[in-house]
$ cat data11.cif   # mmCIF, C-alpha atoms and all ligand atoms
data_start
loop_
_atom_site.label_atom_id
_atom_site.label_comp_id
_atom_site.auth_asym_id
_atom_site.auth_seq_id
_atom_site.Cartn_x
_atom_site.Cartn_y
_atom_site.Cartn_z
CA MET R 1 -7.31 -8.81 -46.54
CA THR R 2 -4.67 -10.90 -44.83
CA THR R 3 -0.98 -10.25 -45.06
CA THR R 4 1.39 -13.20 -45.21
CA LEU R 5 4.87 -12.93 -43.75
CA THR R 6 7.48 -14.95 -45.63
CA LEU R 7 11.20 -15.56 -45.22
CA VAL R 8 13.79 -16.17 -47.89
CA ARG R 9 17.53 -16.51 -47.74
CA GLY R 10 19.16 -14.41 -50.41
CA SER R 11 19.84 -10.90 -51.64
CA ILE R 12 17.31 -8.09 -51.60
CA THR R 13 18.52 -7.22 -55.11
CA ASP R 14 17.12 -10.47 -56.57
CA GLN R 15 13.55 -10.01 -55.35
CA GLU R 16 10.80 -9.80 -57.97
CA VAL R 17 8.37 -7.77 -55.90
CA ASP R 18 6.49 -4.50 -56.16
CA ALA R 19 8.80 -2.79 -53.69
CA VAL R 20 12.12 -3.57 -52.05
CA VAL R 21 13.18 -1.66 -48.96
CA ASN R 22 16.68 -0.20 -48.76
CA ALA R 23 18.52 0.07 -45.44
CA ALA R 24 19.75 3.50 -46.49
CA ASN R 25 21.60 6.20 -44.61
CA SER R 26 20.23 9.69 -44.20
CA SER R 27 22.33 11.14 -47.03
CA LEU R 28 20.37 8.96 -49.51
CA LEU R 29 23.55 8.99 -51.59
CA GLY R 30 24.61 5.40 -51.11
CA GLY R 31 26.68 3.37 -48.66
CA GLY R 32 27.69 -0.20 -47.93
CA GLY R 33 25.73 -3.38 -47.28
CA VAL R 34 22.20 -3.42 -48.65
CA ASP R 35 22.49 0.18 -49.83
CA GLY R 36 25.62 -0.49 -51.88
CA ALA R 37 24.14 -3.64 -53.38
CA ILE R 38 20.91 -1.87 -54.40
CA HIS R 39 22.71 1.01 -56.10
CA ARG R 40 25.21 -1.30 -57.82
CA ARG R 41 22.58 -3.60 -59.24
CA GLY R 42 19.89 -0.94 -59.72
CA GLY R 43 22.10 1.40 -61.71
CA PRO R 44 22.37 5.20 -61.79
CA GLY R 45 18.62 5.87 -62.10
CA ILE R 46 18.12 5.30 -58.37
CA LEU R 47 20.92 7.65 -57.37
CA ALA R 48 19.60 10.32 -59.76
CA GLU R 49 16.22 10.26 -58.01
CA CYS R 50 17.89 10.28 -54.61
CA ARG R 51 19.86 13.37 -55.60
CA ALA R 52 16.65 15.04 -56.74
CA LEU R 53 15.09 14.27 -53.34
CA ARG R 54 18.09 15.87 -51.63
CA ALA R 55 17.77 18.91 -53.88
CA GLY R 56 14.08 19.22 -52.97
CA HIS R 57 12.09 18.04 -49.99
CA TYR R 58 14.94 16.29 -48.19
CA GLY R 59 17.66 18.94 -48.26
CA LYS R 60 18.95 17.81 -44.86
CA GLY R 61 18.60 14.14 -45.71
CA LEU R 62 16.02 11.54 -44.75
CA PRO R 63 15.43 11.45 -40.98
CA THR R 64 15.88 8.17 -39.09
CA GLY R 65 12.66 6.14 -39.04
CA LYS R 66 11.20 7.78 -42.16
CA ALA R 67 10.80 6.31 -45.66
CA VAL R 68 10.68 7.60 -49.22
CA ALA R 69 10.32 5.88 -52.60
CA THR R 70 12.26 6.03 -55.86
CA THR R 71 12.40 4.02 -59.04
CA ALA R 72 13.99 0.58 -58.77
CA GLY R 73 16.11 1.25 -61.86
CA ASP R 74 17.43 -2.03 -63.26
CA LEU R 75 16.35 -4.13 -60.26
CA PRO R 76 13.65 -6.75 -60.84
CA ALA R 77 11.37 -4.77 -58.50
CA ARG R 78 9.14 -1.81 -59.38
CA HIS R 79 10.10 0.56 -56.58
CA VAL R 80 12.77 1.06 -53.94
CA ILE R 81 11.61 2.39 -50.59
CA HIS R 82 14.54 3.97 -48.76
CA THR R 83 14.41 4.02 -44.98
CA VAL R 84 17.02 4.99 -42.42
CA GLY R 85 17.41 2.67 -39.47
CA PRO R 86 18.75 3.80 -36.10
CA VAL R 87 22.30 3.01 -35.08
CA TRP R 88 22.26 0.57 -32.14
CA SER R 89 22.84 2.21 -28.77
CA ALA R 90 23.51 0.35 -25.52
CA THR R 91 22.47 3.39 -23.48
CA GLU R 92 19.37 4.63 -25.30
CA ASP R 93 16.33 2.61 -26.41
CA ARG R 94 15.82 3.36 -30.10
CA SER R 95 13.37 0.49 -30.73
CA ASP R 96 10.57 2.89 -31.70
CA LEU R 97 12.72 4.28 -34.49
CA LEU R 98 13.45 0.80 -35.82
CA ALA R 99 9.75 -0.10 -35.67
CA SER R 100 9.00 3.18 -37.44
CA CYS R 101 11.19 2.11 -40.38
CA TYR R 102 8.97 -0.91 -40.99
CA ARG R 103 5.73 1.02 -40.39
CA GLU R 104 6.67 3.99 -42.57
CA SER R 105 7.97 1.75 -45.35
CA LEU R 106 4.65 -0.12 -45.38
CA ARG R 107 2.77 3.19 -45.43
CA VAL R 108 4.77 4.28 -48.50
CA ALA R 109 4.25 0.83 -50.04
CA ASP R 110 0.49 1.29 -49.65
CA GLU R 111 0.71 4.69 -51.31
CA LEU R 112 2.47 3.02 -54.24
CA GLY R 113 -0.17 0.30 -54.41
CA ALA R 114 2.46 -2.36 -53.70
CA ARG R 115 1.10 -5.82 -52.95
CA THR R 116 4.45 -7.50 -52.37
CA VAL R 117 7.14 -5.84 -50.27
CA ALA R 118 10.61 -7.19 -49.44
CA PHE R 119 12.60 -6.03 -46.41
CA PRO R 120 16.18 -6.63 -45.32
CA ALA R 121 17.01 -6.88 -41.61
CA ILE R 122 17.24 -3.11 -41.12
CA SER R 123 19.99 -1.81 -38.77
CA THR R 124 21.48 -5.27 -38.12
CA GLY R 125 24.59 -4.71 -40.25
CA VAL R 126 26.81 -1.64 -40.07
CA TYR R 127 24.38 -0.13 -37.54
CA ARG R 128 25.06 -3.10 -35.18
CA TRP R 129 21.51 -3.80 -33.92
CA PRO R 130 21.51 -7.24 -32.24
CA LEU R 131 20.02 -9.67 -34.73
CA ASP R 132 17.50 -11.40 -32.45
CA ASP R 133 16.07 -8.11 -31.25
CA GLY R 134 16.07 -6.65 -34.77
CA ALA R 135 14.16 -9.71 -35.97
CA ARG R 136 11.66 -9.41 -33.11
CA ILE R 137 10.95 -5.76 -33.87
CA ALA R 138 10.67 -6.44 -37.61
CA VAL R 139 8.17 -9.28 -37.23
CA GLU R 140 6.13 -7.68 -34.44
CA THR R 141 5.83 -4.42 -36.35
CA ALA R 142 4.92 -6.11 -39.63
CA ARG R 143 2.20 -8.06 -37.82
CA ALA R 144 0.87 -4.98 -36.05
CA THR R 145 0.76 -2.66 -39.07
CA ARG R 146 -2.40 -2.33 -41.10
CA THR R 147 -1.41 -2.58 -44.76
CA ALA R 148 -2.87 -3.57 -48.12
CA ALA R 149 0.28 -5.61 -48.87
CA GLU R 150 -0.47 -9.28 -49.44
CA GLU R 151 3.08 -10.46 -48.81
CA ILE R 152 5.75 -9.01 -46.57
CA ARG R 153 8.94 -10.88 -47.36
CA PHE R 154 12.00 -10.74 -45.14
CA VAL R 155 15.14 -11.35 -47.15
CA LEU R 156 17.97 -12.63 -45.00
CA PHE R 157 21.48 -12.63 -46.27
CA ASP R 158 22.95 -15.43 -44.17
CA ASP R 159 21.92 -18.43 -42.06
CA ARG R 160 22.26 -16.58 -38.78
CA ALA R 161 19.81 -13.89 -39.85
CA TYR R 162 17.45 -16.46 -41.36
CA THR R 163 17.41 -18.45 -38.13
CA ALA R 164 16.76 -15.33 -36.03
CA PHE R 165 13.73 -14.40 -38.16
CA ALA R 166 12.46 -17.98 -38.33
CA ALA R 167 12.43 -18.09 -34.51
CA GLN R 168 10.08 -15.06 -34.51
CA ILE R 169 7.71 -16.40 -37.15
CA ASP R 170 7.26 -19.91 -35.68
P1 LIG R 201 22.33 -1.10 -41.61
O1 LIG R 201 23.27 0.05 -41.92
O2 LIG R 201 20.87 -0.66 -41.52
O3 LIG R 201 22.80 -1.93 -40.48
P2 LIG R 201 23.35 -3.02 -43.60
O4 LIG R 201 23.12 -2.94 -45.06
O5 LIG R 201 24.75 -2.79 -43.09
O6 LIG R 201 22.31 -1.98 -42.96
O7 LIG R 201 22.87 -4.43 -43.04
C1 LIG R 201 21.54 -4.78 -42.79
C2 LIG R 201 21.41 -6.29 -42.89
O8 LIG R 201 21.33 -6.66 -44.25
C3 LIG R 201 22.55 -7.10 -42.30
O9 LIG R 201 21.98 -8.20 -41.59
C4 LIG R 201 23.33 -7.57 -43.53
O10 LIG R 201 23.96 -8.82 -43.30
C5 LIG R 201 22.22 -7.72 -44.54
N1 LIG R 201 22.60 -7.61 -45.96
C6 LIG R 201 23.75 -7.16 -46.52
N2 LIG R 201 23.67 -7.20 -47.87
C7 LIG R 201 22.42 -7.69 -48.18
C8 LIG R 201 21.73 -7.98 -49.39
N3 LIG R 201 22.29 -7.78 -50.59
N4 LIG R 201 20.46 -8.46 -49.31
C9 LIG R 201 19.86 -8.67 -48.11
N5 LIG R 201 20.47 -8.41 -46.93
C10 LIG R 201 21.73 -7.94 -46.96
#

$ encode --input "data11.cif" --output "structure tokens" --more "lines below"
Ligand code: ADP
Amino acid sequence: MTTTLTLVRGSITDQEVDAVVNAANSSLLGGGGVDGAIHRRGGPGILAECRALRAGHYGKGLPTGKAVATTAGDLPARHVIHTVGPVWSATEDRSDLLASCYRESLRVADELGARTVAFPAISTGVYRWPLDDGARIAVETARATRTAAEEIRFVLFDDRAYTAFAAQID
């Protein structure tokens, strides 16, 4: 089975895929950027499941680099996979944690039987990861991860992000 990597410019909330990945924060209770957009468009069903996760297995929140799935609510996807990217640090190399977000999300996607999975550029917004390096880690990790997904789609919100990912794919 081969996995195709694709790029689109647009919003993660518009993707008609089996699973969209949320650049969440460890609280799982919402935030800005991708997280805010997913909860706004997906409706209260996503937050309700996130609260249930916090009340159960994830009492202290979702650790950085891990991933967990919920319903996609009103989104045109079937599932949301929440993952927590690392905050960029100039003094500490957190690349493994960023790679782990992509790996763990694909592992959860496989558990869900997802064949199409859409990712945003995790950590490159509020968490300030440099875009070119974030794109490199995203593409390298997607290529290196064994998965049953047929399509891994990177959804880039602006031209700058699209160009950074395109440079890694070509
Ligand atoms: P993080 O906290 O992991 O940095 P952000 O949500 O702040 O996450 O940003 C991650 C990336 O997603 C940034 O490059 C940002 O421009 C982009 N982004 C913001 N909103 C959307 C959206 N609706 N769809 C896809 N990408 C988005």

$ closest_residue --input "data11.cif" --among "R:Arg51, R:Arg115, R:Arg103, R:Arg94" --to "R:His79" --atoms "all atoms listed in the file"
R:Arg115

$ closest_residue --input "data11.cif" --among "R:Pro120, R:Pro130, R:Pro76, R:Gly113" --to "ligand LIG 201 (chain R)" --atoms "only C-alpha atoms and all ligand atoms"
R:Pro120

$ atom_distance --input "data11.cif" --atom1 "atom CA of R:Val34" --atom2 "atom O6 of ligand LIG 201 (chain R)"
5.9 Å

$ atom_distance --input "data11.cif" --atom1 "atom CA of R:Lys60" --atom2 "atom CA of R:Ser26"
8.2 Å

$ closest_residue --input "data11.cif" --among "R:Thr83, R:Ser100, R:Thr163, R:Gln168" --to "ligand LIG 201 (chain R)" --atoms "only C-alpha atoms and all ligand atoms"
R:Thr83

$ closest_residue --input "data11.cif" --among "R:Asp93, R:Asp159, R:Glu49, R:Asp110" --to "ligand LIG 201 (chain R)" --atoms "only C-alpha atoms and all ligand atoms"
R:Asp159

$ residues_near_point --input "data11.cif" --point "(10.1, 0.3, -54.6)" --cutoff "9 Å" --atoms "only C-alpha atoms" --output "number ranges by chain"
R: 17-22, 69-72, 77-82, 109, 112, 114, 117

$ closest_residue --input "data11.cif" --among "R:Gly65, R:Gly73, R:Pro44, R:Gly56" --to "R:Val87" --atoms "all atoms listed in the file"
R:Gly65

$ closest_residue --input "data11.cif" --among "R:Thr91, R:Thr145, R:Thr124, R:Asp133" --to "R:Arg107" --atoms "only C-alpha atoms"
R:Thr145

$ closest_atom_pairs --input "data11.cif" --of "chain R" --to "ligand LIG 201 (chain R)" --cutoff "7 Å" --atoms "only C-alpha atoms and all ligand atoms" --output "tab-separated table"
residue	atom	partner	partner_atom	distance
R:Gly10	CA	R:LIG201	N4	6.2
R:Ser11	CA	R:LIG201	N4	3.4
R:Ile12	CA	R:LIG201	N4	3.9
R:Thr13	CA	R:LIG201	N3	5.9
R:Ala23	CA	R:LIG201	O2	4.6
R:Ala24	CA	R:LIG201	O2	6.6
R:Asn25	CA	R:LIG201	O1	6.9
R:Gly32	CA	R:LIG201	O4	6.1
R:Gly33	CA	R:LIG201	O4	3.5
R:Val34	CA	R:LIG201	O4	3.7
R:Asp35	CA	R:LIG201	O4	5.7
R:Ala37	CA	R:LIG201	N3	5.3
R:Val84	CA	R:LIG201	O2	6.9
R:Gly85	CA	R:LIG201	O2	5.2
R:Pro120	CA	R:LIG201	N5	4.9
R:Ala121	CA	R:LIG201	C2	4.6
R:Ile122	CA	R:LIG201	O2	4.4
R:Ser123	CA	R:LIG201	O2	3.1
R:Thr124	CA	R:LIG201	O3	4.3
R:Gly125	CA	R:LIG201	O7	3.3
R:Val126	CA	R:LIG201	O5	3.8
R:Tyr127	CA	R:LIG201	O3	3.8
R:Arg128	CA	R:LIG201	O3	5.9
R:Trp129	CA	R:LIG201	O3	6.9
R:Val155	CA	R:LIG201	C9	5.5
R:Leu156	CA	R:LIG201	N5	5.3
R:Phe157	CA	R:LIG201	N5	4.4
R:Asp158	CA	R:LIG201	O10	6.7
R:Ala161	CA	R:LIG201	O9	6.3

$ atom_distance --input "data11.cif" --atom1 "atom CA of R:Arg136" --atom2 "atom CA of R:Val108"
21.7 Å

$ axis_aligned_box --input "data11.cif" --around "stretch 135-143 of chain R" --padding-each-side "5 Å" --output "JSON"
{"center_x": 8.2, "center_y": -7.1, "center_z": -36.4, "size_x": 22.0, "size_y": 15.3, "size_z": 16.5}

$ residues_near_point --input "data11.cif" --point "(10.1, -7.7, -41.5)" --cutoff "9 Å" --atoms "all atoms listed in the file" --output "VMD selection string"
chain R and resid 5 to 7 102 118 to 122 135 to 143 152 to 155 165
